[in-house]
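Chemist: Below is the file structure_39.cif, which contains mmCIF, C-alpha atoms and all ligand atoms.
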data_my_file
loop_
_atom_site.label_atom_id
_atom_site.label_comp_id
_atom_site.auth_asym_id
_atom_site.auth_seq_id
_atom_site.Cartn_x
_atom_site.Cartn_y
_atom_site.Cartn_z
CA MET A 1 104.86 -80.37 157.11
CA THR A 2 102.26 -79.92 154.39
CA PHE A 3 98.76 -81.10 155.21
CA GLU A 4 95.71 -81.88 153.11
CA ASN A 5 92.14 -80.95 153.92
CA SER A 6 90.60 -84.42 153.77
CA ARG A 7 89.63 -87.30 156.03
CA SER A 8 91.54 -89.75 153.87
CA PHE A 9 94.70 -87.71 154.47
CA ALA A 10 94.00 -87.81 158.23
CA LYS A 11 93.59 -91.58 157.94
CA THR A 12 96.97 -91.88 156.23
CA LEU A 13 98.56 -89.89 159.06
CA ASP A 14 97.00 -92.30 161.56
CA GLN A 15 98.24 -95.33 159.64
CA ASP A 16 101.78 -93.92 159.55
CA ASP A 17 101.76 -92.79 163.18
CA PRO A 18 104.65 -94.42 165.10
CA LEU A 19 102.77 -93.79 168.37
CA GLY A 20 99.42 -95.03 167.00
CA SER A 21 99.46 -98.23 169.06
CA TYR A 22 99.61 -96.28 172.34
CA ARG A 23 95.91 -95.54 172.08
CA GLU A 24 95.29 -99.19 172.99
CA LYS A 25 97.06 -98.68 176.31
CA PHE A 26 94.23 -96.40 177.50
CA HIS A 27 90.54 -96.79 178.30
CA TYR A 28 89.15 -94.36 175.74
CA PRO A 29 85.96 -92.61 177.00
CA LYS A 30 82.60 -93.35 175.37
CA ASN A 31 79.18 -91.66 175.36
CA GLU A 32 75.92 -93.20 176.60
CA ASN A 33 75.54 -95.03 173.24
CA LYS A 34 78.94 -96.63 173.80
CA GLU A 35 80.44 -94.61 170.94
CA ASN A 36 83.85 -93.02 171.28
CA VAL A 37 83.79 -89.35 172.20
CA ILE A 38 86.43 -86.98 170.85
CA TYR A 39 88.45 -86.52 174.01
CA PHE A 40 90.49 -83.30 173.78
CA SER A 41 90.76 -82.63 177.52
CA GLY A 42 94.11 -84.23 178.30
CA ASN A 43 95.17 -80.72 179.39
CA SER A 44 92.60 -80.93 182.16
CA LEU A 45 92.32 -84.60 183.13
CA GLY A 46 94.09 -87.35 181.25
CA ILE A 47 92.32 -90.66 180.59
CA GLN A 48 92.99 -93.92 182.41
CA PRO A 49 95.83 -96.21 181.34
CA LYS A 50 94.54 -99.79 181.23
CA SER A 51 97.47 -100.91 183.40
CA VAL A 52 96.32 -98.72 186.32
CA ARG A 53 93.97 -101.30 187.77
CA LYS A 54 96.73 -103.92 187.98
CA TYR A 55 99.08 -101.45 189.68
CA VAL A 56 96.49 -100.40 192.26
CA GLU A 57 95.33 -103.96 192.88
CA LYS A 58 98.90 -105.02 193.54
CA GLU A 59 99.20 -102.57 196.46
CA LEU A 60 95.75 -103.46 197.76
CA TYR A 61 96.74 -107.11 197.67
CA VAL A 62 99.99 -106.51 199.56
CA TRP A 63 98.12 -104.43 202.15
CA GLU A 64 95.44 -107.12 202.46
CA ARG A 65 98.02 -109.90 202.94
CA GLU A 66 100.84 -108.19 204.78
CA GLY A 67 99.59 -105.10 206.56
CA LEU A 68 102.57 -103.32 208.07
CA LEU A 69 105.01 -105.78 206.55
CA GLY A 70 104.18 -104.18 203.19
CA GLN A 71 105.60 -100.95 204.58
CA HIS A 72 108.90 -102.69 205.28
CA SER A 73 109.01 -104.69 202.05
CA ARG A 74 107.97 -102.03 199.48
CA TRP A 75 106.22 -98.86 200.62
CA HIS A 76 108.97 -97.17 202.65
CA ASN A 77 110.74 -96.32 199.39
CA PHE A 78 107.80 -96.57 196.98
CA HIS A 79 108.22 -93.01 195.68
CA GLU A 80 111.78 -93.82 194.61
CA ARG A 81 110.33 -95.90 191.77
CA LEU A 82 109.25 -92.61 190.21
CA ILE A 83 112.57 -90.82 190.43
CA GLU A 84 114.44 -91.96 187.30
CA ASN A 85 111.47 -91.76 184.91
CA THR A 86 110.34 -88.41 186.32
CA ALA A 87 113.86 -87.03 185.91
CA ARG A 88 113.83 -88.10 182.25
CA LEU A 89 110.40 -86.52 181.79
CA VAL A 90 111.49 -83.02 182.81
CA GLY A 91 115.18 -83.13 181.88
CA ALA A 92 116.53 -83.34 185.42
CA ARG A 93 119.11 -85.29 187.37
CA PRO A 94 117.46 -88.00 189.47
CA SER A 95 118.44 -86.18 192.67
CA GLU A 96 116.51 -83.10 191.50
CA VAL A 97 112.98 -84.53 191.45
CA VAL A 98 110.53 -86.14 193.81
CA VAL A 99 106.80 -86.89 193.74
CA MET A 100 104.88 -85.59 196.75
CA ASN A 101 101.64 -83.84 197.82
CA ALA A 102 99.53 -81.85 195.37
CA LEU A 103 100.49 -78.99 193.08
CA THR A 104 99.36 -75.89 194.99
CA VAL A 105 100.62 -77.36 198.26
CA ASN A 106 104.01 -77.80 196.61
CA ILE A 107 103.97 -74.25 195.24
CA HIS A 108 103.55 -73.08 198.84
CA LEU A 109 106.34 -75.31 200.08
CA LEU A 110 108.70 -74.17 197.34
CA MET A 111 107.89 -70.54 197.95
CA VAL A 112 108.80 -70.96 201.60
CA SER A 113 112.31 -71.65 200.31
CA PHE A 114 112.48 -69.60 197.12
CA TYR A 115 110.65 -66.45 198.13
CA GLN A 116 112.65 -64.76 200.85
CA PRO A 117 111.62 -61.11 200.60
CA ASN A 118 113.33 -58.31 202.47
CA LYS A 119 112.85 -54.54 202.55
CA THR A 120 114.52 -53.93 199.21
CA ARG A 121 114.14 -57.20 197.33
CA ASN A 122 110.57 -58.41 197.60
CA LYS A 123 108.89 -58.38 194.18
CA ILE A 124 107.53 -61.42 192.35
CA ILE A 125 106.94 -61.53 188.60
CA ILE A 126 104.06 -63.66 187.31
CA GLU A 127 102.03 -63.62 184.10
CA GLN A 128 98.73 -61.77 184.29
CA GLY A 129 95.98 -64.37 184.05
CA THR A 130 98.01 -67.06 185.75
CA PHE A 131 95.95 -70.00 187.03
CA PRO A 132 93.84 -68.73 189.96
CA SER A 133 95.27 -71.22 192.45
CA ASP A 134 98.78 -69.93 191.72
CA GLN A 135 97.58 -66.36 192.10
CA TYR A 136 95.95 -67.13 195.47
CA ALA A 137 99.00 -69.06 196.70
CA ILE A 138 101.46 -66.36 195.63
CA GLU A 139 99.41 -63.48 197.06
CA SER A 140 98.97 -65.32 200.34
CA GLN A 141 102.73 -65.91 200.54
CA ILE A 142 103.36 -62.22 199.96
CA LYS A 143 100.91 -61.29 202.74
CA PHE A 144 102.36 -63.97 205.02
CA HIS A 145 105.66 -62.09 204.82
CA GLY A 146 103.93 -58.82 205.71
CA PHE A 147 103.99 -57.28 202.22
CA ASP A 148 101.16 -55.95 200.07
CA PRO A 149 100.57 -57.67 196.69
CA GLN A 150 99.61 -54.23 195.28
CA ASP A 151 103.24 -53.11 195.64
CA THR A 152 104.96 -56.45 195.34
CA LEU A 153 103.26 -58.55 192.69
CA ILE A 154 104.24 -57.68 189.11
CA GLU A 155 101.74 -59.14 186.65
CA LEU A 156 103.05 -59.12 183.08
CA ARG A 157 100.42 -58.39 180.47
CA PRO A 158 100.57 -58.65 176.67
CA ARG A 159 100.98 -55.50 174.60
CA GLU A 160 97.86 -53.61 173.59
CA GLY A 161 96.00 -55.63 170.93
CA GLU A 162 98.03 -58.80 171.58
CA THR A 163 96.95 -61.91 173.50
CA THR A 164 100.26 -63.45 174.52
CA LEU A 165 103.51 -62.19 176.02
CA ARG A 166 106.67 -61.51 174.05
CA THR A 167 109.79 -63.06 175.54
CA LYS A 168 111.69 -59.80 175.12
CA ASP A 169 109.04 -58.01 177.20
CA ILE A 170 109.37 -60.62 179.95
CA LEU A 171 113.15 -60.19 179.92
CA ALA A 172 112.80 -56.39 179.95
CA ALA A 173 110.51 -56.56 183.01
CA VAL A 174 112.99 -58.79 184.83
CA ARG A 175 115.79 -56.32 184.07
CA LYS A 176 113.66 -53.33 185.02
CA PHE A 177 112.91 -54.60 188.54
CA ASN A 178 116.41 -56.05 188.88
CA GLU A 179 117.55 -55.79 192.51
CA GLU A 180 113.97 -55.39 193.73
CA LEU A 181 113.12 -58.78 192.29
CA ALA A 182 112.99 -61.76 194.67
CA THR A 183 111.36 -64.44 192.53
CA VAL A 184 109.98 -65.09 189.04
CA ILE A 185 107.20 -67.71 188.79
CA LEU A 186 105.61 -68.38 185.42
CA GLY A 187 103.56 -71.23 184.05
CA SER A 188 105.58 -73.24 181.56
CA VAL A 189 102.42 -73.11 179.43
CA ASN A 190 99.68 -70.63 180.30
CA TYR A 191 96.46 -72.56 180.98
CA TYR A 192 94.26 -70.04 179.13
CA THR A 193 96.21 -69.01 176.05
CA GLY A 194 98.29 -72.18 175.64
CA GLN A 195 101.44 -70.04 175.30
CA ALA A 196 104.67 -71.84 176.24
CA PHE A 197 107.30 -69.58 177.78
CA ASP A 198 110.94 -69.66 176.80
CA MET A 199 112.24 -70.94 180.12
CA GLN A 200 115.98 -70.80 179.52
CA PRO A 201 116.47 -67.07 178.74
CA ILE A 202 113.92 -66.12 181.40
CA THR A 203 115.84 -68.14 183.99
CA LYS A 204 119.12 -66.59 182.89
CA ALA A 205 117.73 -63.06 183.13
CA GLY A 206 116.22 -63.79 186.55
CA HIS A 207 119.57 -65.02 187.82
CA GLU A 208 121.34 -61.96 186.44
CA ALA A 209 118.91 -59.89 188.51
CA GLY A 210 119.77 -61.99 191.58
CA ALA A 211 116.31 -63.60 191.76
CA TYR A 212 115.15 -67.21 192.02
CA VAL A 213 113.26 -68.51 188.99
CA GLY A 214 110.62 -71.25 189.09
CA PHE A 215 107.87 -72.62 186.87
CA ASP A 216 104.46 -74.18 187.34
CA LEU A 217 104.63 -77.09 184.91
CA ALA A 218 100.96 -78.14 185.28
CA HIS A 219 100.55 -77.67 181.52
CA GLY A 220 104.13 -78.54 180.64
CA ALA A 221 104.75 -81.95 182.24
CA GLY A 222 104.11 -84.66 179.64
CA ASN A 223 103.47 -81.94 177.05
CA LEU A 224 106.78 -80.14 176.44
CA LYS A 225 110.32 -81.40 176.12
CA MET A 226 112.23 -79.74 178.93
CA LYS A 227 115.78 -79.54 180.23
CA LEU A 228 115.25 -78.08 183.65
CA HIS A 229 118.73 -78.98 184.86
CA ASP A 230 120.60 -77.54 181.88
CA TRP A 231 118.43 -74.43 181.90
CA ASN A 232 119.40 -73.85 185.56
CA VAL A 233 115.79 -73.49 186.67
CA ASP A 234 115.78 -73.16 190.48
CA PHE A 235 112.50 -74.91 191.20
CA ALA A 236 109.39 -76.25 189.52
CA ALA A 237 106.17 -78.03 190.45
CA TRP A 238 103.53 -79.86 188.46
CA CYS A 239 100.46 -82.05 188.78
CA SER A 240 100.18 -85.53 187.28
CA TYR A 241 96.50 -85.73 186.44
CA LYS A 242 96.59 -83.74 183.18
CA TYR A 243 98.83 -84.85 180.30
CA LEU A 244 100.43 -87.51 182.50
CA CYS A 245 97.14 -89.40 182.95
CA ALA A 246 97.73 -90.45 186.58
CA GLY A 247 94.13 -89.89 187.69
CA PRO A 248 92.15 -87.27 189.60
CA GLY A 249 94.12 -85.71 192.46
CA ALA A 250 97.21 -87.80 191.66
CA PRO A 251 100.38 -86.93 193.60
CA ALA A 252 102.41 -84.09 192.14
CA GLY A 253 106.06 -83.56 191.23
CA ILE A 254 108.73 -81.06 192.20
CA PHE A 255 112.12 -80.13 190.82
CA ILE A 256 114.86 -78.45 192.82
CA HIS A 257 118.12 -77.71 191.07
CA LYS A 258 121.20 -79.52 192.35
CA THR A 259 122.84 -76.23 193.32
CA HIS A 260 120.32 -75.95 196.18
CA HIS A 261 120.63 -79.42 197.63
CA ASP A 262 122.79 -78.35 200.57
CA TRP A 263 120.02 -75.91 201.47
CA ALA A 264 120.45 -74.01 204.72
CA GLY A 265 117.65 -71.49 204.11
CA PRO A 266 114.01 -71.62 205.12
CA ARG A 267 112.03 -74.77 204.44
CA LEU A 268 109.07 -76.54 206.04
CA THR A 269 110.13 -79.98 207.17
CA GLY A 270 108.81 -83.40 208.12
CA TRP A 271 110.21 -86.85 208.80
CA TRP A 272 110.12 -87.99 205.15
CA GLY A 273 112.71 -85.33 204.31
CA HIS A 274 115.04 -86.68 206.99
CA ASN A 275 118.17 -88.73 206.29
CA LYS A 276 116.91 -92.21 205.34
CA ASN A 277 119.67 -93.98 207.26
CA THR A 278 118.60 -92.50 210.59
CA ARG A 279 114.91 -91.72 210.02
CA PHE A 280 113.73 -94.59 212.20
CA GLU A 281 116.07 -93.72 215.05
CA MET A 282 113.37 -91.15 215.78
CA GLY A 283 115.79 -88.43 216.92
CA PRO A 284 114.64 -84.85 217.54
CA ASP A 285 117.09 -83.12 215.16
CA PHE A 286 116.22 -82.78 211.48
CA ASP A 287 118.98 -84.00 209.17
CA PRO A 288 117.78 -83.25 205.62
CA ILE A 289 118.29 -85.59 202.68
CA GLN A 290 120.66 -83.69 200.39
CA THR A 291 118.42 -83.98 197.32
CA ALA A 292 114.96 -82.76 196.31
CA GLU A 293 113.68 -85.49 198.67
CA GLY A 294 114.74 -83.24 201.53
CA TRP A 295 111.61 -81.16 200.78
CA GLN A 296 109.31 -84.13 201.40
CA ILE A 297 107.22 -83.89 204.54
CA SER A 298 105.02 -86.97 204.80
CA ASN A 299 105.32 -90.58 203.70
CA ALA A 300 104.05 -91.31 200.20
CA PRO A 301 100.34 -91.92 199.42
CA VAL A 302 101.02 -95.35 197.95
CA ILE A 303 97.55 -96.21 196.64
CA GLY A 304 97.30 -92.82 194.90
CA MET A 305 100.82 -93.12 193.56
CA ALA A 306 100.27 -96.52 191.93
CA PRO A 307 98.37 -95.07 188.91
CA LEU A 308 101.23 -92.62 188.36
CA LEU A 309 103.67 -95.52 188.23
CA ALA A 310 101.51 -97.14 185.56
CA ALA A 311 101.24 -93.90 183.57
CA MET A 312 104.93 -93.03 183.85
CA GLU A 313 105.86 -96.42 182.49
CA ILE A 314 103.93 -95.56 179.31
CA PHE A 315 105.41 -92.07 179.03
CA ASP A 316 108.90 -93.35 179.66
CA GLU A 317 108.58 -96.07 177.04
CA ALA A 318 107.30 -93.63 174.39
CA GLY A 319 109.80 -90.90 175.41
CA MET A 320 109.21 -87.16 175.33
CA ALA A 321 111.09 -86.74 172.03
CA ALA A 322 108.62 -88.94 170.13
CA ILE A 323 105.63 -87.61 172.08
CA ARG A 324 106.56 -84.03 171.26
CA LEU A 325 107.20 -84.84 167.61
CA LYS A 326 103.69 -86.25 167.20
CA SER A 327 102.18 -83.46 169.29
CA GLU A 328 103.57 -80.78 166.98
CA LYS A 329 102.14 -82.59 163.98
CA LEU A 330 98.76 -83.33 165.57
CA THR A 331 98.24 -79.78 166.83
CA GLY A 332 99.70 -78.42 163.58
CA PHE A 333 97.06 -80.40 161.65
CA LEU A 334 94.33 -78.96 163.87
CA GLU A 335 95.64 -75.44 163.28
CA TYR A 336 95.79 -76.03 159.52
CA LEU A 337 92.22 -77.39 159.33
CA ILE A 338 90.85 -74.47 161.35
CA ALA A 339 92.67 -71.95 159.14
CA VAL A 340 91.34 -73.57 155.95
CA ASN A 341 87.78 -74.34 157.03
CA LEU A 342 86.85 -71.95 159.81
CA PRO A 343 87.90 -68.37 158.97
CA ALA A 344 85.59 -67.02 161.70
CA VAL A 345 87.52 -68.83 164.43
CA THR A 346 90.56 -67.11 165.94
CA ILE A 347 93.37 -69.10 167.53
CA ILE A 348 94.92 -67.06 170.34
CA THR A 349 97.67 -69.62 171.02
CA PRO A 350 100.98 -68.70 169.33
CA ALA A 351 101.41 -70.07 165.79
CA ASN A 352 105.07 -70.93 166.38
CA PRO A 353 105.22 -74.59 167.58
CA VAL A 354 108.02 -73.84 170.04
CA GLU A 355 105.73 -71.36 171.77
CA ARG A 356 102.97 -73.85 172.48
CA GLY A 357 102.23 -77.46 173.46
CA CYS A 358 99.24 -79.63 172.51
CA GLN A 359 96.60 -77.04 173.31
CA LEU A 360 94.97 -74.51 171.02
CA SER A 361 92.73 -71.84 172.57
CA LEU A 362 89.95 -70.91 170.19
CA VAL A 363 87.76 -67.83 170.12
CA ALA A 364 84.68 -68.84 168.11
CA PRO A 365 81.50 -66.94 167.18
CA GLY A 366 78.76 -67.84 169.65
CA GLY A 367 81.30 -68.39 172.43
CA GLU A 368 79.92 -70.60 175.19
CA ASN A 369 76.88 -71.48 173.07
CA THR A 370 79.16 -72.95 170.42
CA PHE A 371 81.07 -74.84 173.10
CA GLU A 372 77.80 -76.35 174.33
CA LYS A 373 76.84 -77.38 170.80
CA ILE A 374 80.10 -79.22 170.15
CA SER A 375 79.88 -80.83 173.58
CA LYS A 376 76.46 -82.21 172.66
CA LYS A 377 77.98 -83.63 169.48
CA GLY A 378 80.40 -85.71 171.56
CA VAL A 379 83.47 -83.50 171.90
CA VAL A 380 85.05 -83.36 175.36
CA CYS A 381 86.91 -80.06 175.65
CA ASP A 382 86.37 -77.06 177.89
CA TRP A 383 85.19 -73.51 178.09
CA ARG A 384 87.21 -70.96 180.01
CA LYS A 385 85.78 -67.54 180.74
CA PRO A 386 85.75 -64.98 179.28
CA ASP A 387 85.81 -66.40 175.75
CA VAL A 388 87.97 -69.41 175.04
CA ILE A 389 87.31 -73.00 173.97
CA ARG A 390 90.39 -75.04 174.89
CA VAL A 391 91.18 -78.12 172.82
CA ALA A 392 94.21 -80.30 173.40
CA PRO A 393 94.74 -83.36 171.19
CA HIS A 394 96.93 -85.73 173.19
CA PRO A 395 99.72 -87.44 171.22
CA LEU A 396 99.46 -90.71 173.14
CA PHE A 397 95.75 -91.36 172.72
CA ASN A 398 94.29 -89.05 170.07
CA ARG A 399 94.13 -89.63 166.34
CA TYR A 400 94.45 -87.35 163.33
CA THR A 401 90.98 -88.47 162.21
CA GLU A 402 89.59 -87.15 165.51
CA VAL A 403 91.17 -83.79 164.77
CA TYR A 404 89.52 -83.85 161.35
CA ASP A 405 86.14 -84.86 162.79
CA PHE A 406 86.37 -82.20 165.49
CA VAL A 407 86.84 -79.43 162.93
CA ASN A 408 83.86 -80.78 161.01
CA LEU A 409 81.68 -80.78 164.12
CA LEU A 410 82.78 -77.26 164.98
CA GLU A 411 81.93 -76.16 161.44
CA GLN A 412 78.46 -77.72 161.76
CA SER A 413 77.95 -76.07 165.15
CA LEU A 414 78.84 -72.67 163.72
CA SER A 415 76.42 -73.01 160.84
CA GLU A 416 73.40 -74.15 162.93
C1 LIG A 501 98.42 -74.07 186.06
C2 LIG A 501 97.76 -74.71 187.24
N1 LIG A 501 98.20 -74.42 188.48
C3 LIG A 501 97.60 -74.95 189.57
C4 LIG A 501 96.52 -75.82 189.45
C5 LIG A 501 95.88 -76.34 190.70
O1 LIG A 501 96.25 -77.62 190.95
P1 LIG A 501 95.94 -78.45 192.29
O2 LIG A 501 94.47 -78.40 192.55
O3 LIG A 501 96.38 -79.81 191.92
O4 LIG A 501 96.72 -77.84 193.39
C6 LIG A 501 96.05 -76.16 188.17
C7 LIG A 501 94.90 -77.07 188.03
O5 LIG A 501 94.34 -77.27 186.98
C8 LIG A 501 96.67 -75.56 187.05
O6 LIG A 501 96.23 -75.82 185.80
#
Please re-express this file's structure in C-alpha cells.
Modeler:
Amino acid sequence: MTFENSRSFAKTLDQDDPLGSYREKFHYPKNENKENVIYFSGNSLGIQPKSVRKYVEKELYVWEREGLLGQHSRWHNFHERLIENTARLVGARPSEVVVMNALTVNIHLLMVSFYQPNKTRNKIIIEQGTFPSDQYAIESQIKFHGFDPQDTLIELRPREGETTLRTKDILAAVRKFNEELATVILGSVNYYTGQAFDMQPITKAGHEAGAYVGFDLAHGAGNLKMKLHDWNVDFAAWCSYKYLCAGPGAPAGIFIHKTHHDWAGPRLTGWWGHNKNTRFEMGPDFDPIQTAEGWQISNAPVIGMAPLLAAMEIFDEAGMAAIRLKSEKLTGFLEYLIAVNLPAVTIITPANPVERGCQLSLVAPGGENTFEKISKKGVVCDWRKPDVIRVAPHPLFNRYTEVYDFVNLLEQSLSE
C-alpha cells in the first residue's frame, strides 16, 4: 500500500473504508467541550457499543418481571450464546471456548491444569516484560508447587540492542530446555512493545519438547486473526474489555484444545462445569462437561455478560478478516506518517505487519512530558514506564483522518 502525506488522502481512505459505518455503532468519547477526542486506547479499554444499553436493559427487565423464572427461561444457558461467535473470533471449534471469570483468574485456573511440574520437568518459558499480572500469577503458581521462580522461570529477552524477540530465539530456548520444560506461556501480543508472536511454530516446538503451550490473548482477541485449533495451541485466555469493547471488568474467555476435553488431570471444579443433564440432581460426584465448559466453576454473571453479547454481535458481523485488513492499513498509515514527519520518534513495535496488531509503541523525545502534552490536546492513549507512548487505532471505530490529526498533534507537541 502506498500512502500520501496529506489530510485529503486520509479523507479519501475514510470515504473508501468498507468498515467506515461501524463507527456509528459506538458511543465515541468527547471532551468537556463536547468535541470528539482521538481515542487510541482500544488496547486498554474499548469504547461502548450503542447496543449495550438495550442488551443490559433486557436482562434487567426480565429480572424485574420474572425473578427466578428468568433463570429457567434464559440465564441457565446464557453463556452459550457466546460460544459460536467466540469460536469464530479466535479460530476455534465451538466446544473449545467458553466465557467465564476474569483474565488473571482464568490464567490461574488454566495453570492448575497445564502446569504440572515434577522434579525434572518444571520450567516455564515467558517473555521478559510480560504483563505484571501474568508474572505474579505464574510466579505464585510456581511457588504453590514448591519450586523457586529463580530456577524455574525462564524469561526470554531480546538480543543486545534489540527491543523485540526473534522467533528463532524463542524456538531455540524451547529446544534448549527441552525435557525440563513444563509449559510455555506467552502473550499473543506483548502489551508494551506491541510485538505479536508467531504462535504456530512456537506451539509446535513446545510440543516437540513435551511441554504444554498457552497464550494470553489480552492484546490478541479482536486484534489478530487467529487459528487456535489448527495451530494446536493447548490453552489460551483473554479479557473482553480491550479490543472487544465489552466494558470495564467484562467476563473473559478461555480456549482449551479439543485434545484435552476428556481431561483426567488436575483441575479446579465447580457445579457449572458439571454435566448439564444432571447438574440439578445435586449429586456429590463431579461429572465434567467434555468441552471447555468443563473448566467453568460458577454460573455466568449475566448482567456483566450482556455487553459482551452486544459487542460480539458487532465483531461477528464485521468478521476478523475485514477487521484485520483495515487494521493493517490504519496502523500502516500511522507508521508511514510518523516515519515521514517525525524522524525523532522511534517505533519499537516490529515493522512487519504480521508481527504486530493495531498498536504502535512510540519512544518520543520528552517521554512522559510529550505524552502529557498530546493528552491535553485531546488524544486518549497511554504512557507505560519506562519510556513508551502506546497508540492503538481501532479498525472498528477509528478513522484515517484521526491518525493524520494525531501525528500532527504529536509534531506540535514535540516542537513546543
Ligand atoms: C496482557 C495482560 N494480562 C493480564 C491482564 C490483567 O487482566 P485482568 O485484570 O482482567 O485479570 C491485562 C490487563 O490489562 C493484560 O493486558
Chemist: I need every residue sitting at most 9 Å from the point (74.9, -88.2, 174.7) (coordinates as in the file, only C-alpha atoms considered), written as a ChimeraX atom specification.
Modeler: /A:31-33,375-378
Chemist: Applying 7 Å and only C-alpha atoms, which residues near segment 6-10 of chain A remain after dropping the ones on its own chain fewer than 5 positions away? List them as a PyMOL selection string.
Modeler: chain A and resi 400-401+404
Chemist: Using the selection just defined, write its residues with C-alpha atoms as a short mmCIF file (atom, residue, chain, number, x, y, z; two decimals), in the frame of the given file.
Modeler:
data_model
loop_
_atom_site.label_atom_id
_atom_site.label_comp_id
_atom_site.auth_asym_id
_atom_site.auth_seq_id
_atom_site.Cartn_x
_atom_site.Cartn_y
_atom_site.Cartn_z
CA TYR A 400 94.45 -87.35 163.33
CA THR A 401 90.98 -88.47 162.21
CA TYR A 404 89.52 -83.85 161.35
#
Chemist: What's the 12 Å shell around Leu13 of chain A, counting all atoms listed in the file, without same-chain residues fewer than 2 positions away, as a PDB file with C-alpha atoms, keeping the file's coordinate frame?
Modeler:
ATOM      1  CA  MET A   1     104.860 -80.370 157.110  1.00  0.00           C
ATOM      2  CA  THR A   2     102.260 -79.920 154.390  1.00  0.00           C
ATOM      3  CA  PHE A   3      98.760 -81.100 155.210  1.00  0.00           C
ATOM      4  CA  GLU A   4      95.710 -81.880 153.110  1.00  0.00           C
ATOM      5  CA  SER A   6      90.600 -84.420 153.770  1.00  0.00           C
ATOM      6  CA  ARG A   7      89.630 -87.300 156.030  1.00  0.00           C
ATOM      7  CA  SER A   8      91.540 -89.750 153.870  1.00  0.00           C
ATOM      8  CA  PHE A   9      94.700 -87.710 154.470  1.00  0.00           C
ATOM      9  CA  ALA A  10      94.000 -87.810 158.230  1.00  0.00           C
ATOM     10  CA  LYS A  11      93.590 -91.580 157.940  1.00  0.00           C
ATOM     11  CA  GLN A  15      98.240 -95.330 159.640  1.00  0.00           C
ATOM     12  CA  ASP A  16     101.780 -93.920 159.550  1.00  0.00           C
ATOM     13  CA  ASP A  17     101.760 -92.790 163.180  1.00  0.00           C
ATOM     14  CA  PRO A  18     104.650 -94.420 165.100  1.00  0.00           C
ATOM     15  CA  LEU A  19     102.770 -93.790 168.370  1.00  0.00           C
ATOM     16  CA  GLY A  20      99.420 -95.030 167.000  1.00  0.00           C
ATOM     17  CA  LYS A 326     103.690 -86.250 167.200  1.00  0.00           C
ATOM     18  CA  LYS A 329     102.140 -82.590 163.980  1.00  0.00           C
ATOM     19  CA  LEU A 330      98.760 -83.330 165.570  1.00  0.00           C
ATOM     20  CA  PHE A 333      97.060 -80.400 161.650  1.00  0.00           C
ATOM     21  CA  ASN A 398      94.290 -89.050 170.070  1.00  0.00           C
ATOM     22  CA  ARG A 399      94.130 -89.630 166.340  1.00  0.00           C
ATOM     23  CA  TYR A 400      94.450 -87.350 163.330  1.00  0.00           C
ATOM     24  CA  THR A 401      90.980 -88.470 162.210  1.00  0.00           C
ATOM     25  CA  GLU A 402      89.590 -87.150 165.510  1.00  0.00           C
ATOM     26  CA  VAL A 403      91.170 -83.790 164.770  1.00  0.00           C
ATOM     27  CA  TYR A 404      89.520 -83.850 161.350  1.00  0.00           C
TER      28      TYR A 404
END
Chemist: Would you list the residues that come within 9 Å of ligand LIG 501 (chain A)? Count all atoms listed in the file and give the answer as a PyMOL selection string.
Modeler: chain A and resi 43-45+101-107+130-135+187-191+216-219+237-242+248-252
Chemist: Work out how far apart atom CA of Phe286 of chain A and atom CA of Glu139 of chain A are and give it in Å to one decimal.
Modeler: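 Separation of atom CA of Phe286 of chain A and atom CA of Glu139 of chain A: 29.4 Å.
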Chemist: Rank A:Gly332, A:Gly42, A:Gly220, A:Pro94 by their smallest atom-to-atom distance to Met199 of chain A, using all atoms listed in the file, and report the top residue only.
Modeler: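 Of A:Gly332, A:Gly42, A:Gly220, A:Pro94, the one nearest Met199 of chain A, counting all atoms listed in the file, is A:Gly220.
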Chemist: What lies within 12 Å of Ala205 of chain A using all atoms listed in the file, ignoring chain neighbours under 6 positions off, as number ranges by chain?
Modeler: A: 167-179, 181, 183-184, 198-199, 211-213, 231-233
Chemist: Could you tell me how far atom CA of Leu165 of chain A lies from atom CA of Glu355 of chain A, in Å and to one decimal?
Modeler: 10.3 Å
Chemist: Please list, as a PDB file with C-alpha atoms, in the frame of the given file, the residues that have an atom at most 12 Å away from (110.3, -89.0, 171.1) in the coordinates of this file, counting all atoms listed in the file.
Modeler:
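Output file part.pdb follows:
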ATOM      1  CA  PRO A  18     104.650 -94.420 165.100  1.00  0.00           C
ATOM      2  CA  LEU A  19     102.770 -93.790 168.370  1.00  0.00           C
ATOM      3  CA  ARG A  88     113.830 -88.100 182.250  1.00  0.00           C
ATOM      4  CA  LEU A  89     110.400 -86.520 181.790  1.00  0.00           C
ATOM      5  CA  GLY A 222     104.110 -84.660 179.640  1.00  0.00           C
ATOM      6  CA  ASN A 223     103.470 -81.940 177.050  1.00  0.00           C
ATOM      7  CA  LEU A 224     106.780 -80.140 176.440  1.00  0.00           C
ATOM      8  CA  LYS A 225     110.320 -81.400 176.120  1.00  0.00           C
ATOM      9  CA  PHE A 315     105.410 -92.070 179.030  1.00  0.00           C
ATOM     10  CA  ASP A 316     108.900 -93.350 179.660  1.00  0.00           C
ATOM     11  CA  GLU A 317     108.580 -96.070 177.040  1.00  0.00           C
ATOM     12  CA  ALA A 318     107.300 -93.630 174.390  1.00  0.00           C
ATOM     13  CA  GLY A 319     109.800 -90.900 175.410  1.00  0.00           C
ATOM     14  CA  MET A 320     109.210 -87.160 175.330  1.00  0.00           C
ATOM     15  CA  ALA A 321     111.090 -86.740 172.030  1.00  0.00           C
ATOM     16  CA  ALA A 322     108.620 -88.940 170.130  1.00  0.00           C
ATOM     17  CA  ILE A 323     105.630 -87.610 172.080  1.00  0.00           C
ATOM     18  CA  ARG A 324     106.560 -84.030 171.260  1.00  0.00           C
ATOM     19  CA  LEU A 325     107.200 -84.840 167.610  1.00  0.00           C
ATOM     20  CA  LYS A 326     103.690 -86.250 167.200  1.00  0.00           C
ATOM     21  CA  SER A 327     102.180 -83.460 169.290  1.00  0.00           C
ATOM     22  CA  GLU A 328     103.570 -80.780 166.980  1.00  0.00           C
ATOM     23  CA  PRO A 395      99.720 -87.440 171.220  1.00  0.00           C
ATOM     24  CA  LEU A 396      99.460 -90.710 173.140  1.00  0.00           C
TER      25      LEU A 396
END
Chemist: Let me make sure I understand: among A:Arg166, A:Phe114, A:Lys204, A:His108, which one has the smallest atom-to-atom distance to Ser140 of chain A if we use only C-alpha atoms?
Modeler: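 Distance minimum relative to Ser140 of chain A lands on A:His108.
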